[in-house]
Amino acid sequence: MGSGTHRPACLVTGVAGFVGSHLAERLLALDYPVVGVDNFCSGFEKNIKHLKNHPGFCFHERSVTEKGLLEDLTRLQPGLRICFHLAAIVSVPYSVEHPEETMEVNYHATVRLLEEAGSNGLAAFVFAGSAAEYGDDPRLPLSEEFASHATHHLSPYGRAKFLASKAVAATPIGASLRCFNIFGPRQDPGSPYSGVISKFIDMALNGQPLTIFGDGLQTRDFIYVADIVEAYLLVAGLVPGKGRPPSGVYNVGTGRSISVLDLAEAVLEVTHRPKALNFLPERPGDIRHSVASIAALNHVGDWIPRVSLHEGLERTVKWMREDG
Ligand code: UD2
């Protein structure tokens with residue numbers, strides 16, 4: 001797969017989201033036709049504006065909860081062979097307030113799409129899992145087998161992602177990428193629950209002190225979006241010279257963690273701002289430490305992250321100055 005003139009078409013659900021838009025852009029650059037789906041519940045039209053005139057891109061404003069969606073799309077695009085399923089309810093606090101809707105969108109809709117992928121002869125189904133599938137497991141680094149039905153998930157978001165990952169990994173075409181803390185251009189700093197890096201850069205560029213929840217010694221594994229995209233290509237079997245890795249669940253992180261305080265310092269350095277921090281109470285339900293074991297994806301596909309935190313911050317700051 002991935003060579004010759006008739007490249008398989010790829011469905012990207014959640015294409016107007018932060019990661020989905022980067023994935024679609026990369027697939028188009030590699031000459032894969034892309035069918036994009038989004039209902040703009042958390043994605044933005046502006047994220048895909050530059051793709052809309054691309055001859056290989058076709059967009060449908062639809063919801064992944066619609067039964068028969070994949071069936072319809074394969075009829076419209078007969079070469080559709082790969083599904084990247086990224087559309088989801090992405091807010092953890094929203095999931096706590098709306099557990100049933102979260103289960104419907106993040107779990108049941110995934111299982112339906114997966115079944116439709118199987119019955120329509122798709123070759124690969126790649127799912128966006130999450131580090132939230134580990135709950136607050138203190139065993140570090142977090143290894144794929146640690147997440148189980150016995151895991152105490154901290155939110156319906158984490159539980160639904162775990163159940164969906166399991167279902168995906170159990171099929172011959174499925175792979176779930178358990179992504180750790182992703183950052184990069186197009187991550188929306190606008191909501192109170194946005195990723196900390198987009199918020200810190202936004203605050204720094206606006207001359208505000210960076211808000212630290214708790215003592216700032218909590219740690220996270222931050223991974224740049226381009227590295228996540230390469231992991232998606234790999235597990236879909238789209239990296240030339242490499243076969244599709246076995247079905248399964250794979251962590252995608254850097255294998256390294258940094259404290260929120262050190263991250264704040266790094267953001268202030270990259271944005272050339274003086275040190276100004278505002279300590280606030282710890283966020284309820286926050287986990288203390290998180291870092292991925294990335295041995296599994298490395299083992300099956302030689303995958304390693306390429307973009308350092310510093311380089312990723314530089315690129316994100318540049319984007320937020322120019323377009324954000
Ligand atoms: C949550 C979700 C994750 C994903 C992510 C979005 C869980 C287990 N994980 O991870 O799936 O949705 O959010 O990026 O629910 N912080 C500050 N100041 C701020 C903002 C954040 O100190 O202004 C801290 C925050 O308390 C936390 C760390 O920075 O300790 C990372 O926060 P985050 O919201 O970026 O991500 P995280 O790990 O809570």
# chains A, B, ... in the order shown; residues from 1 in each chain; ligands from 1
>>> residues_near_ligand(ligand="ligand 1", cutoff="7 Å", atoms="only C-alpha atoms and all ligand atoms", output="count of residues only")
33
>>> residues_around(residues="Glu133 in chain A", least_positions_apart="5", cutoff="7 Å", atoms="only C-alpha atoms", output="MDAnalysis selection string")
chainID A and resid 147 153 158:159 161:162
>>> select_by_dssp(residues="range 110-191 of chain A", states="strand (DSSP E)", output="ChimeraX atom specification")
/A:124-130,174-179,181-183
>>> write_last_selection(atoms="N, CA, C and O atoms", output="PDB file, in the first residue's frame")
ATOM      1  N   ALA A 124      -7.781  -0.662   6.949  1.00  0.00           N
ATOM      2  CA  ALA A 124      -7.257  -0.214   8.244  1.00  0.00           C
ATOM      3  C   ALA A 124      -8.242   0.749   8.903  1.00  0.00           C
ATOM      4  O   ALA A 124      -8.869   1.571   8.225  1.00  0.00           O
ATOM      5  N   PHE A 125      -8.359   0.630  10.216  1.00  0.00           N
ATOM      6  CA  PHE A 125      -9.203   1.528  11.016  1.00  0.00           C
ATOM      7  C   PHE A 125      -8.350   2.005  12.184  1.00  0.00           C
ATOM      8  O   PHE A 125      -7.960   1.216  13.046  1.00  0.00           O
ATOM      9  N   VAL A 126      -8.029   3.283  12.185  1.00  0.00           N
ATOM     10  CA  VAL A 126      -7.134   3.829  13.215  1.00  0.00           C
ATOM     11  C   VAL A 126      -7.930   4.782  14.105  1.00  0.00           C
ATOM     12  O   VAL A 126      -8.605   5.695  13.611  1.00  0.00           O
ATOM     13  N   PHE A 127      -7.832   4.551  15.385  1.00  0.00           N
ATOM     14  CA  PHE A 127      -8.645   5.285  16.359  1.00  0.00           C
ATOM     15  C   PHE A 127      -7.782   6.189  17.235  1.00  0.00           C
ATOM     16  O   PHE A 127      -6.658   5.824  17.608  1.00  0.00           O
ATOM     17  N   ALA A 128      -8.328   7.353  17.581  1.00  0.00           N
ATOM     18  CA  ALA A 128      -7.638   8.283  18.478  1.00  0.00           C
ATOM     19  C   ALA A 128      -7.960   7.939  19.920  1.00  0.00           C
ATOM     20  O   ALA A 128      -8.987   8.345  20.457  1.00  0.00           O
ATOM     21  N   GLY A 129      -7.102   7.164  20.550  1.00  0.00           N
ATOM     22  CA  GLY A 129      -7.257   6.866  21.973  1.00  0.00           C
ATOM     23  C   GLY A 129      -6.648   7.989  22.795  1.00  0.00           C
ATOM     24  O   GLY A 129      -6.257   9.030  22.260  1.00  0.00           O
ATOM     25  N   SER A 130      -6.558   7.779  24.105  1.00  0.00           N
ATOM     26  CA  SER A 130      -6.070   8.861  24.972  1.00  0.00           C
ATOM     27  C   SER A 130      -5.358   8.311  26.199  1.00  0.00           C
ATOM     28  O   SER A 130      -5.707   7.236  26.699  1.00  0.00           O
ATOM     29  N   GLY A 174      -7.807  -3.071  13.084  1.00  0.00           N
ATOM     30  CA  GLY A 174      -7.834  -1.930  13.999  1.00  0.00           C
ATOM     31  C   GLY A 174      -6.549  -1.608  14.731  1.00  0.00           C
ATOM     32  O   GLY A 174      -5.784  -2.493  15.103  1.00  0.00           O
ATOM     33  N   ALA A 175      -6.305  -0.333  14.947  1.00  0.00           N
ATOM     34  CA  ALA A 175      -5.227   0.113  15.831  1.00  0.00           C
ATOM     35  C   ALA A 175      -5.716   1.356  16.558  1.00  0.00           C
ATOM     36  O   ALA A 175      -6.363   2.218  15.961  1.00  0.00           O
ATOM     37  N   SER A 176      -5.407   1.410  17.854  1.00  0.00           N
ATOM     38  CA  SER A 176      -5.745   2.601  18.623  1.00  0.00           C
ATOM     39  C   SER A 176      -4.460   3.261  19.087  1.00  0.00           C
ATOM     40  O   SER A 176      -3.573   2.594  19.618  1.00  0.00           O
ATOM     41  N   LEU A 177      -4.364   4.561  18.864  1.00  0.00           N
ATOM     42  CA  LEU A 177      -3.198   5.312  19.331  1.00  0.00           C
ATOM     43  C   LEU A 177      -3.568   6.034  20.615  1.00  0.00           C
ATOM     44  O   LEU A 177      -4.423   6.928  20.596  1.00  0.00           O
ATOM     45  N   ARG A 178      -2.958   5.616  21.706  1.00  0.00           N
ATOM     46  CA  ARG A 178      -3.216   6.276  22.987  1.00  0.00           C
ATOM     47  C   ARG A 178      -2.294   7.476  23.080  1.00  0.00           C
ATOM     48  O   ARG A 178      -1.119   7.362  23.440  1.00  0.00           O
ATOM     49  N   CYS A 179      -2.844   8.628  22.721  1.00  0.00           N
ATOM     50  CA  CYS A 179      -2.013   9.831  22.623  1.00  0.00           C
ATOM     51  C   CYS A 179      -1.890  10.507  23.978  1.00  0.00           C
ATOM     52  O   CYS A 179      -2.872  10.649  24.701  1.00  0.00           O
ATOM     53  N   ASN A 181      -0.049  14.099  25.909  1.00  0.00           N
ATOM     54  CA  ASN A 181      -0.463  15.510  25.806  1.00  0.00           C
ATOM     55  C   ASN A 181       0.047  16.129  24.502  1.00  0.00           C
ATOM     56  O   ASN A 181       1.222  16.512  24.412  1.00  0.00           O
ATOM     57  N   ILE A 182      -0.836  16.238  23.555  1.00  0.00           N
ATOM     58  CA  ILE A 182      -0.456  16.724  22.217  1.00  0.00           C
ATOM     59  C   ILE A 182      -0.457  18.259  22.214  1.00  0.00           C
ATOM     60  O   ILE A 182      -1.320  18.884  22.818  1.00  0.00           O
ATOM     61  N   PHE A 183       0.505  18.850  21.499  1.00  0.00           N
ATOM     62  CA  PHE A 183       0.497  20.307  21.349  1.00  0.00           C
ATOM     63  C   PHE A 183       0.984  20.666  19.954  1.00  0.00           C
ATOM     64  O   PHE A 183       1.556  19.836  19.243  1.00  0.00           O
TER      65      PHE A 183
END
>>> atom_distance(atom1="CA of Pro245 in chain A", atom2="CA of Ala24 in chain A")
20.9 Å
>>> residues_around(residues="Gly248 in chain A", least_positions_apart="5", cutoff="10 Å", atoms="only C-alpha atoms", output="MDAnalysis selection string")
chainID A and resid 126 144 165:177 235 296:297
>>> select_by_dssp(residues="range 57-283 of chain A", states="helix (DSSP H, G or I)", output="ChimeraX atom specification")
/A:69-76,92-97,99-119,131-134,144-146,156-169,196-205,225-235,260-270
>>> residues_around(residues="Asp302 in chain A", least_positions_apart="6", cutoff="10 Å", atoms="only C-alpha atoms", output="NGL selection string")
:A and (234 or 242 or 295-296)
>>> write_last_selection(atoms="C-alpha atoms", output="compact mmCIF listing (two decimals), in the first residue's frame")
# COMPACT_ATOMS: atom_id res chain seq x y z
CA LEU A 234 2.61 4.14 10.40
CA LYS A 242 6.96 -0.69 6.27
CA ALA A 295 8.48 0.71 23.47
CA ALA A 296 5.56 -0.97 21.69
>>> atom_distance(atom1="CA of Phe84 in chain A", atom2="CA of Ser148 in chain A")
23.5 Å
>>> residues_around(residues="range 310-318 of chain A", least_positions_apart="6", cutoff="6 Å", atoms="only C-alpha atoms", output="list in words")
Gly184, Pro185 and Tyr224 of chain A
>>> closest_residue(among="A:Val64, A:Phe180, A:Asp227, A:Leu263", to="Trp303 in chain A", atoms="only C-alpha atoms")
A:Asp227
>>> closest_residue(among="A:Ser119, A:Ser155, A:Cys83, A:Ile223", to="Glu100 in chain A", atoms="only C-alpha atoms")
A:Ser155
>>> residues_around(residues="Asn39 in chain A", least_positions_apart="3", cutoff="7 Å", atoms="only C-alpha atoms", output="list in words")
Glu61, Arg62 and Ser63 of chain A
>>> write_last_selection(atoms="C-alpha atoms", output="short mmCIF file (atom, residue, chain, number, x, y, z; two decimals), in the first residue's frame")
data_model
loop_
_atom_site.label_atom_id
_atom_site.label_comp_id
_atom_site.auth_asym_id
_atom_site.auth_seq_id
_atom_site.Cartn_x
_atom_site.Cartn_y
_atom_site.Cartn_z
CA GLU A 61 -20.49 18.21 7.31
CA ARG A 62 -21.92 15.18 9.08
CA SER A 63 -21.88 13.51 12.47
#
>>> atom_distance(atom1="CA of His98 in chain A", atom2="CA of Leu114 in chain A")
23.4 Å
>>> decode(residues="range 50-88 of chain A", atoms="N, CA and C atoms", output="mmCIF file, in the first residue's frame")
data_model
loop_
_atom_site.group_PDB
_atom_site.id
_atom_site.type_symbol
_atom_site.label_atom_id
_atom_site.label_comp_id
_atom_site.auth_asym_id
_atom_site.auth_seq_id
_atom_site.Cartn_x
_atom_site.Cartn_y
_atom_site.Cartn_z
ATOM 1 N N HIS A 50 -7.824 26.041 4.154
ATOM 2 C CA HIS A 50 -6.757 25.930 3.147
ATOM 3 C C HIS A 50 -6.807 24.587 2.397
ATOM 4 N N LEU A 51 -7.597 23.653 2.877
ATOM 5 C CA LEU A 51 -7.671 22.347 2.198
ATOM 6 C C LEU A 51 -8.853 22.277 1.231
ATOM 7 N N LYS A 52 -9.812 23.165 1.431
ATOM 8 C CA LYS A 52 -11.078 23.057 0.712
ATOM 9 C C LYS A 52 -10.922 23.077 -0.815
ATOM 10 N N ASN A 53 -9.932 23.805 -1.331
ATOM 11 C CA ASN A 53 -9.751 23.859 -2.792
ATOM 12 C C ASN A 53 -8.796 22.807 -3.317
ATOM 13 N N HIS A 54 -8.294 21.970 -2.447
ATOM 14 C CA HIS A 54 -7.364 20.915 -2.887
ATOM 15 C C HIS A 54 -8.163 19.866 -3.673
ATOM 16 N N PRO A 55 -7.688 19.477 -4.871
ATOM 17 C CA PRO A 55 -8.479 18.529 -5.678
ATOM 18 C C PRO A 55 -8.657 17.165 -5.015
ATOM 19 N N GLY A 56 -7.769 16.809 -4.098
ATOM 20 C CA GLY A 56 -7.876 15.497 -3.444
ATOM 21 C C GLY A 56 -8.754 15.511 -2.208
ATOM 22 N N PHE A 57 -9.301 16.685 -1.868
ATOM 23 C CA PHE A 57 -10.037 16.791 -0.605
ATOM 24 C C PHE A 57 -11.531 16.941 -0.831
ATOM 25 N N CYS A 58 -12.287 16.193 -0.086
ATOM 26 C CA CYS A 58 -13.737 16.268 -0.203
ATOM 27 C C CYS A 58 -14.316 16.311 1.209
ATOM 28 N N PHE A 59 -15.131 17.309 1.496
ATOM 29 C CA PHE A 59 -15.603 17.505 2.870
ATOM 30 C C PHE A 59 -17.102 17.247 3.011
ATOM 31 N N HIS A 60 -17.477 16.603 4.092
ATOM 32 C CA HIS A 60 -18.894 16.375 4.405
ATOM 33 C C HIS A 60 -19.178 16.843 5.822
ATOM 34 N N GLU A 61 -20.109 17.777 5.962
ATOM 35 C CA GLU A 61 -20.485 18.211 7.310
ATOM 36 C C GLU A 61 -21.513 17.229 7.854
ATOM 37 N N ARG A 62 -21.038 16.224 8.546
ATOM 38 C CA ARG A 62 -21.917 15.183 9.076
ATOM 39 C C ARG A 62 -21.403 14.731 10.434
ATOM 40 N N SER A 63 -22.267 13.998 11.143
ATOM 41 C CA SER A 63 -21.878 13.515 12.474
ATOM 42 C C SER A 63 -21.539 12.032 12.418
ATOM 43 N N VAL A 64 -20.560 11.642 13.197
ATOM 44 C CA VAL A 64 -20.170 10.227 13.231
ATOM 45 C C VAL A 64 -21.212 9.377 13.946
ATOM 46 N N THR A 65 -22.197 10.019 14.559
ATOM 47 C CA THR A 65 -23.260 9.234 15.201
ATOM 48 C C THR A 65 -24.323 8.778 14.194
ATOM 49 N N GLU A 66 -24.239 9.261 12.933
ATOM 50 C CA GLU A 66 -25.223 8.849 11.915
ATOM 51 C C GLU A 66 -24.977 7.407 11.496
ATOM 52 N N LYS A 67 -26.006 6.586 11.638
ATOM 53 C CA LYS A 67 -25.854 5.195 11.196
ATOM 54 C C LYS A 67 -25.700 5.169 9.680
ATOM 55 N N GLY A 68 -24.849 4.296 9.164
ATOM 56 C CA GLY A 68 -24.681 4.175 7.719
ATOM 57 C C GLY A 68 -23.744 5.220 7.122
ATOM 58 N N LEU A 69 -23.087 6.004 7.963
ATOM 59 C CA LEU A 69 -22.205 7.070 7.461
ATOM 60 C C LEU A 69 -21.096 6.509 6.568
ATOM 61 N N LEU A 70 -20.402 5.504 7.072
ATOM 62 C CA LEU A 70 -19.253 4.985 6.324
ATOM 63 C C LEU A 70 -19.713 4.291 5.037
ATOM 64 N N GLU A 71 -20.865 3.641 5.137
ATOM 65 C CA GLU A 71 -21.476 2.985 3.969
ATOM 66 C C GLU A 71 -21.730 4.032 2.862
ATOM 67 N N ASP A 72 -22.325 5.137 3.244
ATOM 68 C CA ASP A 72 -22.599 6.243 2.305
ATOM 69 C C ASP A 72 -21.312 6.748 1.674
ATOM 70 N N LEU A 73 -20.314 6.949 2.522
ATOM 71 C CA LEU A 73 -19.070 7.554 2.037
ATOM 72 C C LEU A 73 -18.313 6.607 1.108
ATOM 73 N N THR A 74 -18.386 5.306 1.366
ATOM 74 C CA THR A 74 -17.694 4.365 0.461
ATOM 75 C C THR A 74 -18.406 4.314 -0.889
ATOM 76 N N ARG A 75 -19.725 4.570 -0.871
ATOM 77 C CA ARG A 75 -20.461 4.621 -2.145
ATOM 78 C C ARG A 75 -20.014 5.850 -2.955
ATOM 79 N N LEU A 76 -19.841 6.964 -2.257
ATOM 80 C CA LEU A 76 -19.428 8.203 -2.929
ATOM 81 C C LEU A 76 -17.968 8.157 -3.358
ATOM 82 N N GLN A 77 -17.150 7.438 -2.593
ATOM 83 C CA GLN A 77 -15.699 7.383 -2.869
ATOM 84 C C GLN A 77 -15.279 5.911 -2.852
ATOM 85 N N PRO A 78 -15.445 5.213 -3.991
ATOM 86 C CA PRO A 78 -15.217 3.767 -4.005
ATOM 87 C C PRO A 78 -13.794 3.351 -3.580
ATOM 88 N N GLY A 79 -12.805 4.216 -3.698
ATOM 89 C CA GLY A 79 -11.433 3.832 -3.315
ATOM 90 C C GLY A 79 -11.140 3.970 -1.828
ATOM 91 N N LEU A 80 -12.181 4.230 -1.040
ATOM 92 C CA LEU A 80 -11.974 4.449 0.391
ATOM 93 C C LEU A 80 -11.527 3.153 1.066
ATOM 94 N N ARG A 81 -10.315 3.178 1.639
ATOM 95 C CA ARG A 81 -9.762 1.934 2.195
ATOM 96 C C ARG A 81 -9.307 2.077 3.645
ATOM 97 N N ILE A 82 -9.171 3.342 4.074
ATOM 98 C CA ILE A 82 -8.623 3.551 5.413
ATOM 99 C C ILE A 82 -9.495 4.551 6.166
ATOM 100 N N CYS A 83 -9.764 4.252 7.416
ATOM 101 C CA CYS A 83 -10.512 5.204 8.250
ATOM 102 C C CYS A 83 -9.652 5.640 9.428
ATOM 103 N N PHE A 84 -9.468 6.949 9.547
ATOM 104 C CA PHE A 84 -8.846 7.526 10.737
ATOM 105 C C PHE A 84 -9.985 8.154 11.538
ATOM 106 N N HIS A 85 -10.279 7.583 12.674
ATOM 107 C CA HIS A 85 -11.441 8.062 13.433
ATOM 108 C C HIS A 85 -11.004 8.916 14.620
ATOM 109 N N LEU A 86 -11.082 10.239 14.420
ATOM 110 C CA LEU A 86 -10.637 11.187 15.443
ATOM 111 C C LEU A 86 -11.782 11.990 16.048
ATOM 112 N N ALA A 87 -12.956 11.950 15.402
ATOM 113 C CA ALA A 87 -14.069 12.765 15.902
ATOM 114 C C ALA A 87 -14.497 12.257 17.274
ATOM 115 N N ALA A 88 -14.696 13.158 18.201
ATOM 116 C CA ALA A 88 -15.074 12.759 19.563
ATOM 117 C C ALA A 88 -15.518 13.974 20.354
#
